[in-house]
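S.K.: Quick one: structure below, then a few questions.
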Amino acid sequence: MKIVVLVKQVPDTWGARRLNLDTGWLDRGGSEAVIDEIDERALEAALAYQDSNDAEVVALTMGPDSAKDMLRKSLAMGADSAVHILDSRLAGADLAWTARVIAAALTKLGYDLVIAGNESTDGRGGVLPALVAEHLGVPLASYLDSVAITADSIAGERSTELGTMSVRAPLPAVISVTERTAEARFPNFKGILRAKKKPVTVWSLDDLGADAAASPVRSVVLATSERPARSAGTQIVDDGTAGVELAEFLAARHLI
Amino acid sequence: MSNVLVLIETAPDGSVGASAAMLLGAASRLGTPVAVLAAAPGSAAALAESLGSLGAERVYLAETDSVSSLLLTPQVAALAAAFTALEPSAILVANSIDGREAGARLAVRVGAGLLVDAVDVRAEADRIVASHSVFGGSYTVESTVEGGPVVITVRQGAMDGRAEAKVAVVESITLDIDATGSTVIESMRPLPAASDRPDLRGAATVVSGGRGLQSKEKFVLVEQLADALGAAVGASRAAVDAGYVPQTSQVGQTGVTVSPQLYIALGISGAIQHRAGMQTAKTIVAINTDADAPIFEIADFGIVGDVFTVVPQLIDAIGKRSGTS
C-alpha cells in the first residue's frame, strides 16, 4: 500500500498572521512557519496503519524552499520519503492551480490512498482534497473523524452540520481527516537522525508536464485591507454588583 | 440576466436547508436565481413552492434513488446537468462541509473558477466580486475570477439580504448516476432535533462558555444566559475537548466563525485561536477570574469575577428590565 500524505507549511496560529497588502498573498516573513497541525494528524493516520501493515508513506508538499524543514519533520515522524514541488512560478497560485499541480504530482508518484487535513489553518478553504479527487477521478471521503484503512478500502465517520454518517470508499481514494482523529506522534531522537538520510525529491513544474499548467480560468485578488485592531474597553473587578453593571452597559447599547 | 445556480442542501427529513434563503438572496443580486437540488424521485415536488418563496425563479430538480446512498456524487451530477442546460455565470453553494465539497468538485468538472468562504458577493460591470474575511477577520480580501464562470462558497449566516418571493418554474430531470468511483454512505445518524435557540452561525447574540464553567453540568449556566438573551450557545475548544458541549458549538480557528452584534465569553481565556472565530463581533463582553486573560484585550466590557456569581445576577437584572419595560 502506498499512502501519500499532503502536508502544508502554514504560519503558526499562536502568532499574528499577516497578509501582504499589495499582493494579498501570505506574508511568510511575518510569523513562524510550521507544518499544519491537521496535516500531522493526516500523517498520523498513515503511520498508524504502517505500524501494523506493509505500507510506504510519502509526504508531499507544494511550497517555497523553506517548506523543506517541514518535510524533514514529516520524515522524522516516520514518513519514508518526501516530495517537494518547488517552482517560483507557483508563488501566489490559486486553489485551482494548486490542485492541478498536486494531482499531476500524485499521478506521477503513484498512490493507493491520499490523506489530507480537512482544511488548512491559514486558507481554511477546505476544498483542496475535493479538487484533487475530482482531477484524479477517484472517490473522496472527506472530513473523517475516524479512519479505518483496509487493503482495498477506507471507511470512517463523517460529521456535518446535519449529522454523522458512516462512509466507505474503495481504493484508490482521497480522504481528509479532522482534528477529531488521533493526535500525532512526536518525532523521537532516532526518527530525527534517520530523517536526515531519507530521500526528498524536488520537482519543478517542468517535471510535472502539461497537466500541471495553470488553467485559463483563474482567481484574482483585487484588494486586500487590514481591519483596525480591537482595543480593550472598560474593565471592572466584581465587587458584588458587576452583573447589574453589565446589564446597564448592555441596555445603554440597546443590546437587551 | 444570466442564470445563477444555487445548490440547495436538504435536511435528512427532506426539508430545505438553512442556507437556502441566504444563497437565493445572494443569487438574486447577481442574476436569475435557479435552485438546484438532488432528491429521491417524487420526494421534492412540494419543495418548489418553498424555494419560490425564498426567491428561486426556477427550480432544477434532479431525481435519483442514490441521493441518500452516495456521498455528494448526486449533488455534483445535478449541478453539472444544470450547468450544461442553463449556462450560468455563477454557482453559489454554502460554505458548509457538503456545500464546499460539491462546489469544488463541480468547478473541476466543468472548468469553472472557485472562490471560497465569501462573506459578500456583488456584480460589478462584467464581473462578480466576492469579499472574504481572512485570519479571523484581521483582513478583508476582495477577489474575482477571470476567464470563465465562478463557483462561490458563501459563509453561512454572513449575508442578510433576502430575495423577493417568486412562483418558481420547476424543471425535473432523472439523473443516471454511475456509482463506481463514489464514496458510499452506509448509515446516517441525524443530529438531535435543533433546539429553539438560534443557529450559532448568523445569530445576533452568542453566549460562549469555556473551561471556566468547570463541568458539563455547570455549563447549563451558559445556556441559561443564552435563553435570557435569545442567544445561540457557543464554546471554546477547551470546553469541547472537556466534553461540556458537542463539537458543533465550537467557536474559533477550527470551529465556527461568528460575527454577531453581541458576543459574551464566559470563563474563556481567549487564546488566539478562539479570538480568530469571534473578534469581528460588534460588541464583546468577557467574564473571567483571571485579570490577565487575553480575552480582556479585545473586550468592550470586561469583568474580573466569578461567572457563577456574576451571571446569575446578570440574568436576574435582565429579567427585571424586561419585566418593567
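Labeling convention for the C-alpha cells: chains A, B, ... as they appear, residues from 1 per chain, ligands from 1 in order of appearance.
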Mind checking which residues fall within 8 Å of Glu9 in chain B, counting only C-alpha atoms, ignoring those fewer than 6 positions away in the same chain, and posting them as a PyMOL selection string?
M.R.: chain B and resi 16-17+19-20+37+99
S.K.: Quick one: which chain B residues come within 6 Å of chain A, and what is the nearest atom pair for each with the distance in Å to one decimal, counting only C-alpha atoms, rows ordered by chain and ascending number, as CSV?
M.R.:
```
residue,atom,partner,partner_atom,distance
B:Glu101,CA,A:Ala130,CA,5.7
B:Ala104,CA,A:Leu131,CA,5.5
B:Arg105,CA,A:Glu134,CA,5.6
B:Gly113,CA,A:Val217,CA,5.6
B:Val116,CA,A:Gly125,CA,5.9
B:Ser138,CA,A:Arg227,CA,5.2
B:Tyr139,CA,A:Glu226,CA,4.4
B:Thr140,CA,A:Ser225,CA,5.3
B:Val141,CA,A:Thr224,CA,4.4
B:Glu142,CA,A:Ala223,CA,5.1
B:Ser143,CA,A:Val221,CA,4.3
B:Thr144,CA,A:Val220,CA,5.3
B:Val145,CA,A:Ser219,CA,4.3
B:Glu146,CA,A:Arg218,CA,5.4
B:Gly147,CA,A:Val217,CA,4.5
B:Gly148,CA,A:Val217,CA,5.5
B:Gly181,CA,A:Pro139,CA,4.9
B:Ser182,CA,A:Pro139,CA,4.7
B:Thr183,CA,A:Ala169,CA,4.5
B:Val184,CA,A:Arg168,CA,5.3
B:Ile185,CA,A:Val167,CA,4.6
B:Glu186,CA,A:Ser166,CA,5.4
B:Ser187,CA,A:Ser166,CA,5.2
B:Met188,CA,A:Met165,CA,4.2
B:Arg189,CA,A:Thr164,CA,5.2
B:Pro190,CA,A:Gly163,CA,4.1
B:Leu191,CA,A:Gly163,CA,4.4
B:Glu297,CA,A:Ala232,CA,4.7
B:Ile298,CA,A:Ala232,CA,4.8
B:Ala299,CA,A:Ala232,CA,5.3
B:Asp300,CA,A:Gly233,CA,4.1
B:Phe301,CA,A:Thr234,CA,4.9
B:Gly302,CA,A:Gln235,CA,4.4
B:Ile303,CA,A:Ile236,CA,5.0
B:Val304,CA,A:Val237,CA,4.6
B:Gly305,CA,A:Asp238,CA,5.1
B:Val310,CA,A:Gly243,CA,4.7
B:Gln313,CA,A:Gly243,CA,4.9
B:Leu314,CA,A:Gly243,CA,4.2
B:Ala317,CA,A:Val244,CA,5.9
```
S.K.: Please, which residues of range 8-137 of chain A, numbered as in this document, come out helix (DSSP H, G or I) from DSSP, as number ranges by chain?
M.R.: A: 37-52, 67-77, 88-90, 95-109, 128-136
S.K.: Contacts of range 47-51 of chain A at 9 Å or less, counting only C-alpha atoms, minus same-chain residues fewer than 5 places along, as a compact mmCIF listing (two decimals) with C-alpha atoms, in the first residue's frame?
M.R.:
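Written out: result_18.txt:
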```
# COMPACT_ATOMS: atom_id res chain seq x y z
CA ALA A 42 -3.21 13.12 8.46
CA GLU A 56 5.02 3.03 2.16
CA VAL A 57 4.27 6.56 3.40
CA MET A 77 7.77 11.41 12.46
CA GLY A 78 8.03 8.34 10.26
CA ALA A 79 7.32 9.07 6.58
CA ALA A 148 -10.22 2.59 9.18
CA ILE A 149 -7.90 1.53 6.36
CA THR A 150 -8.02 -1.96 4.85
```
S.K.: From the set B:Ala231, B:Leu92, B:Leu175, B:Ala158, which residue has the shortest atom-to-atom contact distance to Thr64 in chain B, counting only C-alpha atoms?
M.R.: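 For Thr64 in chain B, the nearest of the given residues is B:Leu175.
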